[in-house]
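Novice: Pasting a structure here, questions to come.
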Amino acid sequence: MPNETVLHLLQWLLTAMQLSILVPMLVVWRRWRHFSPPVKLLSWYVYLSAAAAIGARLLYPHYFATNYGFLVGFNLGKVALFGAVYHQVLAPGPGRRVVAVATVATLAGGVIAAAHDFELAVTISRVAQCAVLAGFALAYLNELLNHASARPVAQDPLWLLSVGQLLYSAGVITAFSLDYLSATEIDNYVKFSFASISGLVFNYFLTLAFLRADPTSDPAPETKGQPVDQLAGL
């Protein structure tokens, strides 16, 4: 397949990934009144994602020499927003404190890196976003396993968010690891297709999270049920 054709396909895939944020956005508009406070906070992600994509397309390269500012702003904004969401839903204790410290440290590190070298800040903020938010997702899943609930986990919007984030982090880290292994132009095609597909997968889980959210979707108190039994019933 000619390189030009592949580039056009990759561009369409990237555009589809960026436009896919409109799906969870429409769900947010229709169902916002049904959301619990943490999910209402999470819903601001759709505007963050849309603003970063639209800003980059409208202002780069006409007004800015690079789109680094939008990439750094999106990555750090996502860490700040998701950190606030997980801080709300995790039970008081070490896990919640770690979320707060990790969020502040990531934001501070990203700002310092941006002041020194914007290109370096893009890499740092991207890796930090994937690693830190994957850690937050694992912390929530661990807490969910240790505190059984009558609510099926597949109906828990934060469970769906966490699974989506873990898949997204794995895909993006795999994709951009190819920067250090690239030997041919095909590697770059694989990298950007991986990143775009990872974004589509994340937006799918985000849409499910908003569709299944309701005012009682906060983590339920511990019961005598066994989490493993609930997972086996999915």
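FYI, nothing fancy with the structure tokens labels: chains A, B, ... in order, residues from 1 per chain, ligands from 1 as they appear.
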Restrict the calculation to only C-alpha atoms, then for each residue of region 43-139 of chain A with any atom at most 9 Å from an atom of region 35-38 of chain A give the closest atom pair and their distance in Å to one decimal, rows by chain and rising residue number, as a tab-separated table.
Specialist:
```
residue	atom	partner	partner_atom	distance
A:Ser43	CA	A:Pro38	CA	8.7
A:Ala84	CA	A:Pro38	CA	8.5
A:Val85	CA	A:Pro38	CA	5.5
A:Tyr86	CA	A:Pro38	CA	8.1
A:Gln88	CA	A:Pro38	CA	6.4
A:Val89	CA	A:Pro38	CA	6.9
```
Novice: What residues in region 8-193 of chain A get the DSSP label alpha helix (DSSP H)? Please answer as a PyMOL selection string.
Specialist: chain A and resi 8-19+22-31+37-42+45-59+68-89+94-116+118-146+157-177+185-193
Novice: Just the residues within 6 Å of region 190-204 of chain A, please, counting only C-alpha atoms, with nothing from its chain fewer than 3 positions along; format it as a ChimeraX atom specification.
Specialist: /A:14,17,164,168,171-172,175,187,207
Novice: Export N, CA and C atoms of the chosen residues as a PDB file, in the first residue's frame?
Specialist:
```pdb
ATOM      1  N   LEU A  14      -7.105   8.871  13.278  1.00  0.00           N
ATOM      2  CA  LEU A  14      -6.888   9.863  14.333  1.00  0.00           C
ATOM      3  C   LEU A  14      -8.090  10.785  14.463  1.00  0.00           C
ATOM      4  N   MET A  17     -10.905   9.029  16.177  1.00  0.00           N
ATOM      5  CA  MET A  17     -10.657   8.946  17.622  1.00  0.00           C
ATOM      6  C   MET A  17     -11.004  10.266  18.306  1.00  0.00           C
ATOM      7  N   GLY A 164     -11.046   0.937  31.326  1.00  0.00           N
ATOM      8  CA  GLY A 164     -10.717   1.689  30.124  1.00  0.00           C
ATOM      9  C   GLY A 164      -9.370   2.379  30.222  1.00  0.00           C
ATOM     10  N   TYR A 168      -6.106   1.811  27.917  1.00  0.00           N
ATOM     11  CA  TYR A 168      -5.553   2.983  27.235  1.00  0.00           C
ATOM     12  C   TYR A 168      -4.073   3.156  27.570  1.00  0.00           C
ATOM     13  N   GLY A 171      -1.951   0.538  25.821  1.00  0.00           N
ATOM     14  CA  GLY A 171      -1.839   0.783  24.383  1.00  0.00           C
ATOM     15  C   GLY A 171      -0.929   1.949  24.045  1.00  0.00           C
ATOM     16  N   VAL A 172      -1.081   3.053  24.791  1.00  0.00           N
ATOM     17  CA  VAL A 172      -0.288   4.251  24.494  1.00  0.00           C
ATOM     18  C   VAL A 172       1.187   4.033  24.823  1.00  0.00           C
ATOM     19  N   ALA A 175       2.610   1.942  22.159  1.00  0.00           N
ATOM     20  CA  ALA A 175       2.746   2.690  20.909  1.00  0.00           C
ATOM     21  C   ALA A 175       3.972   3.587  20.917  1.00  0.00           C
ATOM     22  N   ASP A 187       7.044   1.489  11.376  1.00  0.00           N
ATOM     23  CA  ASP A 187       6.936   1.557  12.833  1.00  0.00           C
ATOM     24  C   ASP A 187       6.144   2.777  13.273  1.00  0.00           C
ATOM     25  N   THR A 207     -17.986   6.059  27.609  1.00  0.00           N
ATOM     26  CA  THR A 207     -19.398   6.147  27.238  1.00  0.00           C
ATOM     27  C   THR A 207     -20.234   5.172  28.065  1.00  0.00           C
TER      28      THR A 207
END
```
Novice: Mind giving me the straight-line distance from CA of Glu4 (chain A) to CA of Ala52 (chain A) in Å, one decimal?
Specialist: 26.6 Å
Novice: For the atom pair CA of Ala53 (chain A) and CA of Ile21 (chain A), what is the interatomic distance in Å to one decimal place?
Specialist: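 Atom-to-atom, CA of Ala53 (chain A) and CA of Ile21 (chain A) are spaced 9.9 Å apart.
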Novice: Applying 9 Å and only C-alpha atoms, which residues near Ala121 (chain A) remain after dropping the ones on its own chain fewer than 4 positions away? List them as a list in words.
Specialist: Tyr68, Val72, Gly109, Gly110, Val111, Ile112, Ala113, Ala114, Ala115, His116, Asp117, Ser125 and Arg126 of chain A
Novice: Taking only C-alpha atoms into account, which of A:Ile54, A:Ala170, A:Met25, A:Val104 comes nearest Leu42 (chain A)?
Specialist: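 Answer, going by the shortest atom-to-atom distance: A:Met25.
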Novice: Mind pulling up the distance from CA of Ala91 (chain A) to CA of Leu144 (chain A)?
Specialist: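 Taking CA of Leu144 (chain A) as the start and CA of Ala91 (chain A) as the end point, the length is 10.2 Å.
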Novice: Near Ala128 (chain A), within 12 Å and counting only C-alpha atoms, which residues show up once chain neighbours fewer than 6 positions away are dropped, as a list in words?
Specialist: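 Once the nearby chain positions are removed, what remains is Val72, Asn75, Leu76, Gly77, Lys78, Val79, Ala80, Ala102, Thr103, Val104, Ala105, Thr106, Leu107, Ala108, Gly109, Gly110, Ala113, Ala121, Val122, Ala134, Gly135, Phe136, Ser169, Val172 and Ile173 of chain A.
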Novice: Let me make sure I understand: among A:Ser162, A:Trp44, A:Ala131, A:Tyr140, which one has the smallest atom-to-atom distance to Arg96 (chain A) if we use only C-alpha atoms?
Specialist: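 Result for the nearest residue to Arg96 (chain A): A:Tyr140.
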